[in-house]
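Visitor: This is query.csv, which holds CSV, C-alpha atoms and all ligand atoms:
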```csv
chain,number,residue,atom,x,y,z
A,1,MET,CA,-20.0,-46.7,-39.0
A,2,VAL,CA,-19.2,-47.8,-42.5
A,3,LEU,CA,-18.7,-51.5,-42.8
A,4,ARG,CA,-18.8,-52.3,-46.5
A,5,ALA,CA,-17.9,-50.7,-49.8
A,6,LEU,CA,-18.8,-51.7,-53.3
A,7,LEU,CA,-16.3,-50.8,-56.0
A,8,ARG,CA,-15.9,-51.8,-59.7
A,9,LEU,CA,-12.8,-52.6,-61.7
A,10,ILE,CA,-11.7,-50.4,-64.5
A,11,PRO,CA,-12.2,-51.6,-68.1
A,12,ASP,CA,-9.8,-50.9,-71.0
A,13,SER,CA,-12.6,-48.7,-72.5
A,14,PHE,CA,-12.0,-46.3,-69.6
A,15,ALA,CA,-9.7,-44.6,-72.0
A,16,ARG,CA,-13.0,-43.4,-73.7
A,17,ALA,CA,-14.8,-42.4,-70.5
A,18,LEU,CA,-17.0,-39.3,-70.6
A,19,SER,CA,-15.5,-35.8,-69.9
A,20,ALA,CA,-17.0,-32.4,-70.4
A,21,ALA,CA,-14.0,-31.0,-72.1
A,22,PRO,CA,-11.8,-32.8,-74.6
A,23,ARG,CA,-8.8,-34.5,-72.9
A,24,SER,CA,-5.5,-32.8,-73.6
A,25,VAL,CA,-3.6,-35.8,-72.1
A,26,PRO,CA,-4.9,-39.4,-72.7
A,27,ILE,CA,-6.0,-41.5,-69.7
A,28,ASP,CA,-3.3,-44.0,-68.6
A,29,VAL,CA,-5.6,-47.0,-67.9
A,30,GLU,CA,-2.9,-49.0,-66.1
A,31,LEU,CA,-2.0,-46.1,-63.9
A,32,ALA,CA,-5.7,-45.6,-63.2
A,33,ARG,CA,-5.9,-49.2,-62.1
A,34,ASP,CA,-2.9,-48.8,-59.8
A,35,GLN,CA,-4.6,-45.7,-58.2
A,36,HIS,CA,-7.8,-47.6,-57.9
A,37,ALA,CA,-6.0,-50.5,-56.1
A,38,ALA,CA,-4.4,-48.0,-53.7
A,39,TYR,CA,-7.9,-46.6,-53.0
A,40,CYS,CA,-9.1,-50.1,-52.2
A,41,ALA,CA,-6.1,-50.8,-50.0
A,42,VAL,CA,-6.7,-47.7,-47.9
A,43,LEU,CA,-10.4,-48.6,-47.4
A,44,SER,CA,-9.3,-52.2,-46.4
A,45,SER,CA,-6.8,-50.8,-43.9
A,46,ALA,CA,-9.6,-48.7,-42.4
A,47,GLY,CA,-11.5,-51.9,-41.7
A,48,VAL,CA,-14.0,-51.6,-44.6
A,49,ASP,CA,-15.1,-54.9,-46.2
A,50,ILE,CA,-14.8,-54.5,-50.0
A,51,THR,CA,-16.8,-56.1,-52.8
A,52,LEU,CA,-15.1,-55.6,-56.2
A,53,LEU,CA,-17.4,-55.9,-59.2
A,54,PRO,CA,-15.8,-57.0,-62.5
A,55,ALA,CA,-15.3,-54.3,-65.2
A,56,ASP,CA,-17.7,-54.1,-68.2
A,57,GLU,CA,-16.0,-53.1,-71.4
A,58,GLN,CA,-19.4,-51.9,-72.8
A,59,LEU,CA,-19.5,-49.3,-69.9
A,60,PRO,CA,-16.5,-47.1,-70.0
A,61,ASP,CA,-17.5,-45.1,-66.9
A,62,CYS,CA,-18.5,-48.2,-64.8
A,63,VAL,CA,-15.8,-47.5,-62.2
A,64,PHE,CA,-17.9,-44.5,-61.0
A,65,VAL,CA,-20.4,-46.7,-59.0
A,66,GLU,CA,-21.5,-43.8,-56.7
A,67,ASP,CA,-23.7,-42.5,-59.4
A,68,THR,CA,-25.7,-45.8,-59.7
A,69,ALA,CA,-27.3,-45.9,-56.2
A,70,VAL,CA,-28.1,-43.8,-53.2
A,71,ILE,CA,-27.9,-45.8,-49.9
A,72,ALA,CA,-29.6,-44.7,-46.7
A,73,ASP,CA,-30.9,-46.7,-43.7
A,74,GLY,CA,-31.0,-50.1,-45.3
A,75,LEU,CA,-32.4,-48.9,-48.6
A,76,ALA,CA,-30.5,-48.7,-51.9
A,77,LEU,CA,-32.3,-46.4,-54.4
A,78,ILE,CA,-31.0,-47.7,-57.8
A,79,THR,CA,-30.7,-44.7,-60.0
A,80,ARG,CA,-31.0,-43.9,-63.7
A,81,PRO,CA,-27.8,-42.0,-64.4
A,82,GLY,CA,-28.2,-38.8,-66.4
A,83,ALA,CA,-25.7,-39.6,-69.1
A,84,PRO,CA,-27.4,-42.0,-71.6
A,85,SER,CA,-24.1,-44.0,-72.1
A,86,ARG,CA,-24.2,-44.9,-68.4
A,87,LEU,CA,-27.8,-46.2,-68.1
A,88,GLY,CA,-26.5,-49.8,-68.2
A,89,GLU,CA,-24.3,-49.4,-65.1
A,90,PRO,CA,-26.8,-49.9,-62.3
A,91,LEU,CA,-27.8,-53.4,-63.3
A,92,ALA,CA,-24.7,-55.2,-61.8
A,93,VAL,CA,-24.6,-52.8,-58.9
A,94,ALA,CA,-28.2,-53.6,-58.0
A,95,ALA,CA,-27.5,-57.3,-58.2
A,96,ALA,CA,-24.5,-57.0,-55.8
A,97,LEU,CA,-26.5,-54.8,-53.3
A,98,ALA,CA,-29.6,-57.0,-53.3
A,99,PRO,CA,-28.4,-59.5,-50.7
A,100,HIS,CA,-27.6,-56.6,-48.2
A,101,LEU,CA,-30.2,-53.9,-48.8
A,102,GLU,CA,-33.8,-53.4,-49.8
A,103,LEU,CA,-33.9,-52.0,-53.3
A,104,ALA,CA,-36.0,-49.3,-54.9
A,105,ARG,CA,-35.7,-48.1,-58.5
A,106,LEU,CA,-36.1,-44.9,-60.4
A,107,SER,CA,-38.0,-45.0,-63.6
A,108,ALA,CA,-38.1,-42.8,-66.7
A,109,PRO,CA,-38.2,-39.8,-67.1
A,110,ALA,CA,-36.4,-39.5,-63.8
A,111,THR,CA,-32.6,-39.2,-63.9
A,112,LEU,CA,-30.3,-39.0,-60.9
A,113,ASP,CA,-26.6,-39.4,-60.3
A,114,GLY,CA,-25.5,-40.4,-56.8
A,115,GLY,CA,-22.7,-37.8,-57.0
A,116,ASP,CA,-25.5,-35.2,-56.7
A,117,CYS,CA,-26.6,-36.6,-53.3
A,118,LEU,CA,-25.1,-35.5,-50.1
A,119,ARG,CA,-26.4,-36.8,-46.7
A,120,LEU,CA,-26.0,-34.8,-43.5
A,121,GLY,CA,-27.9,-36.5,-40.6
A,122,ARG,CA,-31.5,-37.0,-41.7
A,123,THR,CA,-31.2,-34.5,-44.6
A,124,LEU,CA,-30.4,-35.5,-48.1
A,125,TYR,CA,-29.2,-32.6,-50.2
A,126,ILE,CA,-29.6,-33.2,-54.0
A,127,GLY,CA,-28.1,-31.1,-56.7
A,128,ARG,CA,-30.3,-30.3,-59.6
A,129,SER,CA,-27.8,-30.6,-62.3
A,130,SER,CA,-27.2,-31.6,-66.0
A,131,ARG,CA,-27.5,-35.2,-64.7
A,132,THR,CA,-30.2,-35.0,-62.0
A,133,ASN,CA,-33.6,-33.7,-63.0
A,134,ALA,CA,-36.7,-32.7,-61.0
A,135,ALA,CA,-38.3,-36.1,-61.4
A,136,GLY,CA,-35.2,-37.8,-60.1
A,137,ILE,CA,-35.3,-35.6,-57.0
A,138,ALA,CA,-39.0,-36.2,-56.5
A,139,ALA,CA,-38.4,-40.0,-56.8
A,140,ALA,CA,-35.7,-39.8,-54.2
A,141,GLU,CA,-38.0,-37.9,-51.9
A,142,ALA,CA,-40.8,-40.4,-52.3
A,143,ALA,CA,-38.4,-43.3,-51.4
A,144,LEU,CA,-36.8,-41.6,-48.5
A,145,ALA,CA,-39.4,-39.4,-46.8
A,146,PRO,CA,-41.2,-42.4,-45.4
A,147,ARG,CA,-37.9,-43.3,-43.7
A,148,GLY,CA,-37.7,-39.9,-42.0
A,149,PHE,CA,-35.4,-38.1,-44.4
A,150,ARG,CA,-35.8,-34.5,-45.5
A,151,VAL,CA,-34.8,-33.9,-49.1
A,152,VAL,CA,-33.5,-30.4,-50.0
A,153,ALA,CA,-32.8,-29.6,-53.7
A,154,ILE,CA,-29.9,-27.3,-54.6
A,155,ASP,CA,-29.7,-25.7,-58.0
A,156,LEU,CA,-26.2,-26.2,-59.4
A,157,PRO,CA,-24.5,-23.8,-61.8
A,158,PRO,CA,-23.6,-25.4,-65.1
A,159,ASP,CA,-19.9,-25.6,-64.4
A,160,ILE,CA,-20.5,-27.9,-61.5
A,161,LEU,CA,-21.0,-31.5,-62.7
A,162,HIS,CA,-22.3,-32.9,-59.4
A,163,LEU,CA,-23.0,-31.5,-56.0
A,164,LYS,CA,-20.2,-33.4,-54.4
A,165,CYS,CA,-17.7,-31.9,-56.8
A,166,VAL,CA,-17.4,-28.9,-54.4
A,167,CYS,CA,-18.3,-30.4,-51.0
A,168,SER,CA,-18.6,-33.7,-49.2
A,169,PRO,CA,-19.8,-35.0,-45.9
A,170,LEU,CA,-17.2,-35.7,-43.2
A,171,GLY,CA,-19.5,-37.6,-40.8
A,172,GLY,CA,-21.9,-36.2,-38.3
A,173,ASP,CA,-22.8,-32.5,-39.1
A,174,ARG,CA,-19.3,-31.8,-40.6
A,175,LEU,CA,-19.0,-30.8,-44.2
A,176,LEU,CA,-15.9,-30.1,-46.3
A,177,LEU,CA,-16.7,-27.1,-48.5
A,178,ALA,CA,-14.6,-25.1,-51.0
A,179,GLU,CA,-14.7,-21.3,-50.6
A,180,GLY,CA,-16.4,-19.4,-53.4
A,181,THR,CA,-18.5,-22.3,-54.7
A,182,LEU,CA,-21.7,-22.8,-52.7
A,183,PRO,CA,-22.8,-20.8,-49.7
A,184,ALA,CA,-22.7,-22.7,-46.4
A,185,SER,CA,-26.1,-21.4,-45.5
A,186,LEU,CA,-27.6,-23.9,-48.0
A,187,PHE,CA,-26.6,-26.6,-45.5
A,188,GLU,CA,-28.6,-25.8,-42.4
A,189,GLY,CA,-26.9,-26.8,-39.2
A,190,ALA,CA,-23.7,-28.0,-40.9
A,191,SER,CA,-20.3,-27.3,-39.5
A,192,PRO,CA,-18.1,-26.5,-42.5
A,193,VAL,CA,-14.4,-27.3,-42.8
A,194,TRP,CA,-13.3,-24.8,-45.4
A,195,ILE,CA,-10.7,-25.2,-48.1
A,196,PRO,CA,-9.6,-22.6,-50.6
A,197,PHE,CA,-11.3,-22.1,-53.9
A,198,GLU,CA,-8.1,-23.2,-55.7
A,199,ASP,CA,-8.4,-26.5,-53.9
A,200,ARG,CA,-12.0,-27.1,-54.9
A,201,TYR,CA,-11.3,-30.3,-56.7
A,202,ALA,CA,-10.1,-31.7,-53.3
A,203,ALA,CA,-13.4,-30.9,-51.6
A,204,ASN,CA,-14.5,-34.4,-52.7
A,205,VAL,CA,-13.3,-36.8,-50.0
A,206,VAL,CA,-14.4,-40.2,-48.8
A,207,ALA,CA,-15.1,-40.4,-45.0
A,208,ALA,CA,-15.0,-43.8,-43.4
A,209,GLY,CA,-15.3,-43.0,-39.7
A,210,ALA,CA,-12.2,-41.1,-38.6
A,211,HIS,CA,-10.4,-42.1,-41.8
A,212,ILE,CA,-10.5,-39.7,-44.8
A,213,LEU,CA,-9.4,-40.5,-48.4
A,214,ALA,CA,-8.4,-37.2,-49.9
A,215,ALA,CA,-6.8,-36.1,-53.2
A,216,ALA,CA,-3.0,-36.5,-52.8
A,217,GLU,CA,-2.2,-33.4,-55.0
A,218,TYR,CA,-3.6,-30.8,-52.5
A,219,PRO,CA,-1.4,-30.4,-49.4
A,220,ARG,CA,-3.4,-27.5,-48.0
A,221,THR,CA,-6.6,-29.6,-48.0
A,222,LEU,CA,-4.7,-32.6,-46.5
A,223,ALA,CA,-3.4,-30.3,-43.7
A,224,ALA,CA,-6.9,-28.7,-43.1
A,225,LEU,CA,-8.4,-32.2,-42.6
A,226,ALA,CA,-5.6,-33.3,-40.3
A,227,ALA,CA,-6.0,-30.1,-38.3
A,228,ALA,CA,-9.8,-30.9,-38.0
A,229,GLY,CA,-8.8,-34.2,-36.3
A,230,PHE,CA,-9.1,-36.7,-39.2
A,231,ARG,CA,-6.7,-39.5,-40.1
A,232,VAL,CA,-5.9,-38.5,-43.6
A,233,HIS,CA,-4.9,-40.9,-46.4
A,234,PRO,CA,-3.7,-39.2,-49.6
A,235,VAL,CA,-4.9,-41.0,-52.8
A,236,SER,CA,-3.7,-40.1,-56.3
A,237,THR,CA,-6.5,-39.0,-58.6
A,238,SER,CA,-4.7,-37.9,-61.8
A,239,GLU,CA,-6.4,-40.5,-64.1
A,240,VAL,CA,-10.0,-40.4,-62.8
A,241,ARG,CA,-9.8,-36.6,-63.0
A,242,LYS,CA,-9.2,-36.8,-66.7
A,243,ALA,CA,-12.7,-38.4,-66.8
A,244,ASP,CA,-14.2,-35.8,-64.5
A,245,GLY,CA,-14.1,-38.2,-61.6
A,246,SER,CA,-12.8,-37.9,-58.1
A,247,LEU,CA,-12.9,-40.0,-54.9
A,248,THR,CA,-16.5,-40.5,-53.7
A,249,CYS,CA,-17.6,-41.5,-57.2
A,250,GLN,CA,-15.4,-44.7,-57.0
A,251,SER,CA,-17.3,-46.4,-54.2
A,252,LEU,CA,-20.6,-47.0,-52.5
A,253,LEU,CA,-20.3,-47.2,-48.7
A,254,PHE,CA,-22.9,-48.9,-46.5
A,301,LIG,C1,-19.3,-38.9,-66.1
A,301,LIG,O1,-19.1,-37.9,-66.8
A,301,LIG,O2,-20.4,-39.3,-65.8
A,301,LIG,C2,-18.0,-39.6,-65.6
A,301,LIG,N1,-17.0,-39.5,-66.6
A,301,LIG,C3,-17.6,-39.0,-64.3
A,301,LIG,C4,-18.6,-39.3,-63.2
A,301,LIG,C5,-18.1,-38.8,-61.8
A,301,LIG,N2,-19.0,-39.1,-60.8
A,301,LIG,C6,-19.1,-38.5,-59.7
A,301,LIG,O3,-18.3,-37.6,-59.4
A,301,LIG,N3,-20.0,-38.9,-58.8
```
How would this structure read if it were set down as structure tokens?
Guide:
Amino acid sequence: MVLRALLRLIPDSFARALSAAPRSVPIDVELARDQHAAYCAVLSSAGVDITLLPADEQLPDCVFVEDTAVIADGLALITRPGAPSRLGEPLAVAAALAPHLELARLSAPATLDGGDCLRLGRTLYIGRSSRTNAAGIAAAEAALAPRGFRVVAIDLPPDILHLKCVCSPLGGDRLLLAEGTLPASLFEGASPVWIPFEDRYAANVVAAGAHILAAAEYPRTLAALAAAGFRVHPVSTSEVRKADGSLTCQSLLF
């Protein structure tokens, strides 16, 4: 059961956060902060103990803490994010996790974004992406194999930023997966909950026990999750989406 979450406040510089395509509509940073506060409130109401790191104006993408660490069985593997402008982000996250977890660190030339890592049971699926390279995957395997984890690499097509952009774990062997993106056969033994291809952005949800934070803008996905037995909390994602972000990327759960 998840007990704690680490999140980071949004700097004014979030207006200049990375995105693969030029933004047609600017980020409303105040609205982004309101949506982030709502996300924190839902986690709190689900009984999660939240640590909120201060924002860093030098790090426009620092709200996306998921990419800075992979946490499993008492270990936090501190990453080297694949985007050069994000390499400074893990420092404060590592310091905040150190009292709670054993730390291990990636070193160059390895790069790995936590958004590429999806855990189901004792298997960690890692997307080989524009952000996560073979050395990053090998380093994750070296850190986690001694703890009894199997690491399975999944090659991602260039239009998928991170593995969890199109699927996310729901707890146990359950996996939320968007049709027409990745084949379910990649995830051996998983029980998929399917959502339509048109809802693929909403395949990224945060599971905290029976509670699920899901993108508010996708009623079919919200209904599919409720039908699967979850307590669904819609959370607005309009502003993080303008920076290619979604829900899991805003927290580290442990
Ligand atoms: C980036 O391009 O790195 C950020 N603007 C978005 C990162 C989103 N992270 C995630 O989905 N795990």
Visitor: I'd like the contact shell of Leu7 (chain A) - 8 Å cut-off, all atoms listed in the file, skipping same-chain residues fewer than 5 positions apart - returned as an MDAnalysis selection string.
Guide: chainID A and resid 50:53 63 65 250:252
Visitor: Can you work out which one of A:Asp116, A:Asp49, A:Asp73, A:Asp34 has the shortest atom-to-atom distance to ligand LIG 301 (chain A), counting all atoms listed in the file?
Guide: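 For ligand LIG 301 (chain A), the nearest of the given residues is A:Asp116.
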Visitor: Mind listing the residues within 10 Å of ligand LIG 301 (chain A), all atoms listed in the file counted, as a ChimeraX atom specification?
Guide: /A:14,16-20,60-68,81-86,113-117,131,161-165,204,240-251
Visitor: Which one is closest to Leu156 (chain A): A:Gln35, A:Ser130, A:Ser191, A:Ser13? Count all atoms listed in the file.
Guide: A:Ser130
Visitor: Which residue is closest to Asp56 (chain A)? Choose from A:Asp12, A:Asp199, A:Glu30, A:Glu102 and count only C-alpha atoms.
Guide: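 Using only C-alpha atoms, Asp56 (chain A) sits closest to A:Asp12.
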Visitor: Using all atoms listed in the file, which residues of region 107-183 of chain A come within 12 Å of region 208-216 of chain A, and what is the closest atom pair for each, with the distance in Å to one decimal? Give it as a Markdown table, sorted by chain and residue number.
Guide:
```
| residue | atom | partner | partner_atom | distance |
| --- | --- | --- | --- | --- |
| A:Ser168 | CA | A:Ala214 | CA | 10.8 |
| A:Pro169 | CA | A:Ala208 | CA | 10.3 |
| A:Leu170 | CA | A:Ile212 | CA | 8.0 |
| A:Gly171 | CA | A:Gly209 | CA | 6.9 |
| A:Gly172 | CA | A:Gly209 | CA | 9.6 |
| A:Arg174 | CA | A:Ala210 | CA | 11.9 |
| A:Leu176 | CA | A:Ala214 | CA | 10.9 |
```
Visitor: From the options A:Cys40, A:Ile78, A:Ile160, A:Ala21, which residue's atoms come nearest to Ala140 (chain A), counting all atoms listed in the file?
Guide: A:Ile78
Visitor: Just to confirm, what's the straight-line distance from CA of Ala94 (chain A) to CA of Val42 (chain A) in Å (one decimal)?
Guide: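 About the pair CA of Ala94 (chain A) and CA of Val42 (chain A): they are 24.5 Å apart.
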Visitor: Any idea what's packed within 6 Å of Leu103 (chain A), counting all atoms listed in the file, ignoring anything in its chain fewer than 5 positions away? Could you give it as a list in words?
Guide: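 These residues fall inside the cut-off: Leu75, Ala76 and Leu77 of chain A.
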Visitor: Find, counting only C-alpha atoms, the residue in A:Ile195, A:Val206, A:Leu9, A:Leu253 that gets nearest to Val235 (chain A).
Guide: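 Closest candidate: A:Val206.
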Visitor: So the first atom is CA of Ala5 (chain A) and the second is CA of Leu106 (chain A); what is the distance between them in Å, to one decimal place?
Guide: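 One can read the CA of Ala5 (chain A) to CA of Leu106 (chain A) distance as 21.8 Å.
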Visitor: As an exercise, work out the distance from CA of Ala228 (chain A) to CA of Thr181 (chain A) in Å and give it to one decimal place.
Guide: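 About the pair CA of Ala228 (chain A) and CA of Thr181 (chain A): they are 20.7 Å apart.
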Visitor: Neighbourhood query: residues within 12 Å of (-35.6, -29.6, -60.7), file coordinates, counting only C-alpha atoms; return as a list in words.
Guide: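 The distance filter leaves exactly Ala110, Thr111, Leu112, Ile126, Gly127, Arg128, Ser129, Ser130, Arg131, Thr132, Asn133, Ala134, Ala135, Gly136, Ile137, Ala138, Ala139, Val152, Ala153, Ile154, Asp155 and Leu156 of chain A.
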Visitor: Select, from A:Leu6, A:Val166, A:Ala227, A:Leu118, the residue with the minimum atom-to-atom distance to Ala72 (chain A), counting only C-alpha atoms.
Guide: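 Using only C-alpha atoms, the shortest distance to Ala72 (chain A) belongs to A:Leu118.
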